[in-house]
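Only one structure is covered here, and it is reproduced in the block below.
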Amino acid sequence: MFPAIKLFPLREQLSLSHDNMYDFAVFSWQSKRNQVSGHYLIYRFVVAALFLAVVTFCGSRSNHPEYWMIYLSHIGLILQTLHLTISAAFPVQLLLLTNRSRVDNKMPPLARFSWFLYNVTNLLSLVISVVFWAVLFTPAKGLKDRDVLVHALNSVMSISDIFISRRPCRMLHFHHSLAALIPYVAFSAIYWAAGGTRENGLSYIYPILNWENLSLTVPFLMMGLVFGLPIVHGVIWSLHLLRDRLIRCCKRDGHHDHQSQWNPTFVPDEKSADSAIVIKT
């Protein structure tokens, strides 16, 4: 018989609540789920320091620093650095709360903000990398070190962190990235209307955000925001699902781990022997 299916409430799928805050402070393969590992702290501080160094290097090496912040790739790099810094700070906060015997089941604001940035930067990293290497990169101009640091390292970090950390992912969290993308689209339009240019004098920041060619820009934005974001976030969600499957296969214990309640949209219910639909309310 097929297993029953659980359908979790929409409110839970949209929220930033989780049953165990330690899932934001441990390795995905870690057997002790409620214990912060020293190795995990080292990992977090190393990658946060790495991205701080990358931001400093890329910003200082720019030939036109006054234009550096107008590009989404640089904003995405800064957001990812902020995310990694907070991700390093939260395990420390958790250790301090543990020492003071103040740990409860409520997600603290720092963990919620870290999760929000995790959702935003994962999607932004993949979008920035794909658009740059597929559309914007010109092989004739040669490959620069900053091209790799800004447009490749970001996605490598995001994908690696998905498999290294134990953070959950919810399919309906794709809308979090709109908090970064919509303000940037608005900024690009205002920047163009105010007469702003790139360092080479062009009136648009990116060819796909050319407000003088609305027949290209508007359809691209509508397709990207309405269809592109859920698809890219679906890929990210699938990677979390793959991680959980791999962990279960390695453990070979047949137990559904904690992530299964959030990663799949529909979750098998092993307690039921029939194929009925079980709806959690």
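Within each chain, counting starts at residue 1; across the structure tokens, chains are named A, B, ... in the order shown, with ligands numbered 1 upward in that order.
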
What's around Thr121 in chain A at 8 Å? Count only C-alpha atoms, leave out sequence neighbours fewer than 3 positions away in its own chain, and write the answer as a VMD selection string.
chain A and resid 76 79 to 80 83 117 to 118 124 to 125 158 177

Skip range 211-225 of chain A itself and residues of its chain fewer than 6 positions away, then list as a ChimeraX atom specification all residues within 10 Å of it, counting only C-alpha atoms.
/A:127,175,177-178,181-182,185,188-190,192-193,203-205,231-232

Please build the interface table for range 65-160 of chain A against range 15-34 of chain A with a cut-off of 8 Å, listing for each qualifying residue the nearest atom pair and the distance in Å to one decimal; count only C-alpha atoms, order rows by chain and increasing number, and write it as CSV.
residue,atom,partner,partner_atom,distance
A:Ser87,CA,A:Phe24,CA,7.8
A:Phe90,CA,A:Ala25,CA,7.1
A:Pro91,CA,A:Ala25,CA,5.2
A:Leu94,CA,A:Tyr22,CA,8.0
A:Asn105,CA,A:Asn20,CA,6.3
A:Lys106,CA,A:Met21,CA,7.5
A:Met107,CA,A:Met21,CA,5.9
A:Ala111,CA,A:Phe24,CA,7.2
A:Arg112,CA,A:Leu16,CA,5.9
A:Trp115,CA,A:Leu16,CA,7.4
A:Phe116,CA,A:Leu16,CA,7.7

Atoms to include: N, CA, C and O atoms. Write the selected residues as a PDB file, in the first residue's frame.
ATOM      1  N   SER A  87      25.243  34.110  10.162  1.00  0.00           N
ATOM      2  CA  SER A  87      25.243  32.662  10.351  1.00  0.00           C
ATOM      3  C   SER A  87      26.365  32.222  11.281  1.00  0.00           C
ATOM      4  O   SER A  87      26.267  31.174  11.926  1.00  0.00           O
ATOM      5  N   PHE A  90      25.056  33.436  15.023  1.00  0.00           N
ATOM      6  CA  PHE A  90      23.966  32.743  15.695  1.00  0.00           C
ATOM      7  C   PHE A  90      24.422  31.551  16.534  1.00  0.00           C
ATOM      8  O   PHE A  90      23.946  31.389  17.663  1.00  0.00           O
ATOM      9  N   PRO A  91      25.330  30.671  16.053  1.00  0.00           N
ATOM     10  CA  PRO A  91      25.797  29.591  16.932  1.00  0.00           C
ATOM     11  C   PRO A  91      26.437  30.102  18.220  1.00  0.00           C
ATOM     12  O   PRO A  91      26.307  29.474  19.278  1.00  0.00           O
ATOM     13  N   LEU A  94      23.673  30.994  20.462  1.00  0.00           N
ATOM     14  CA  LEU A  94      23.065  29.773  20.981  1.00  0.00           C
ATOM     15  C   LEU A  94      23.899  29.187  22.106  1.00  0.00           C
ATOM     16  O   LEU A  94      23.357  28.701  23.109  1.00  0.00           O
ATOM     17  N   ASN A 105      12.107  26.632  22.697  1.00  0.00           N
ATOM     18  CA  ASN A 105      11.778  26.184  21.349  1.00  0.00           C
ATOM     19  C   ASN A 105      11.445  27.319  20.396  1.00  0.00           C
ATOM     20  O   ASN A 105      11.155  27.081  19.229  1.00  0.00           O
ATOM     21  N   LYS A 106      11.462  28.558  20.880  1.00  0.00           N
ATOM     22  CA  LYS A 106      11.124  29.687  20.030  1.00  0.00           C
ATOM     23  C   LYS A 106      12.326  30.104  19.190  1.00  0.00           C
ATOM     24  O   LYS A 106      13.447  30.156  19.669  1.00  0.00           O
ATOM     25  N   MET A 107      12.051  30.402  17.932  1.00  0.00           N
ATOM     26  CA  MET A 107      13.114  30.882  17.047  1.00  0.00           C
ATOM     27  C   MET A 107      13.449  32.328  17.407  1.00  0.00           C
ATOM     28  O   MET A 107      12.584  33.208  17.329  1.00  0.00           O
ATOM     29  N   ALA A 111      17.964  34.208  14.326  1.00  0.00           N
ATOM     30  CA  ALA A 111      17.817  33.001  13.504  1.00  0.00           C
ATOM     31  C   ALA A 111      16.818  33.231  12.377  1.00  0.00           C
ATOM     32  O   ALA A 111      17.030  32.772  11.248  1.00  0.00           O
ATOM     33  N   ARG A 112      15.740  33.943  12.661  1.00  0.00           N
ATOM     34  CA  ARG A 112      14.746  34.237  11.616  1.00  0.00           C
ATOM     35  C   ARG A 112      15.348  35.124  10.523  1.00  0.00           C
ATOM     36  O   ARG A 112      15.135  34.882   9.330  1.00  0.00           O
ATOM     37  N   TRP A 115      17.714  33.101   8.432  1.00  0.00           N
ATOM     38  CA  TRP A 115      16.985  32.231   7.507  1.00  0.00           C
ATOM     39  C   TRP A 115      16.470  33.024   6.313  1.00  0.00           C
ATOM     40  O   TRP A 115      16.528  32.582   5.168  1.00  0.00           O
ATOM     41  N   PHE A 116      15.952  34.227   6.594  1.00  0.00           N
ATOM     42  CA  PHE A 116      15.470  35.102   5.524  1.00  0.00           C
ATOM     43  C   PHE A 116      16.599  35.437   4.553  1.00  0.00           C
ATOM     44  O   PHE A 116      16.443  35.330   3.329  1.00  0.00           O
TER      45      PHE A 116
END

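Between Leu110 in chain A and the residues A:Ala88, A:Leu14, A:Ile42, A:Ile128, the shortest atom-to-atom distance, using only C-alpha atoms, involves A:Ala88.
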
So what do you get for CA of Val150 in chain A versus CA of Leu77 in chain A, distance-wise?
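Answer for the CA of Val150 in chain A to CA of Leu77 in chain A separation: 6.7 Å.
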
Using CA of Leu50 in chain A and CA of Asn154 in chain A as the two end points, give the distance in Å to one decimal.
11.3 Å

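Rounded to one decimal, CA of Leu229 in chain A and CA of Leu153 in chain A lie 20.6 Å from each other.
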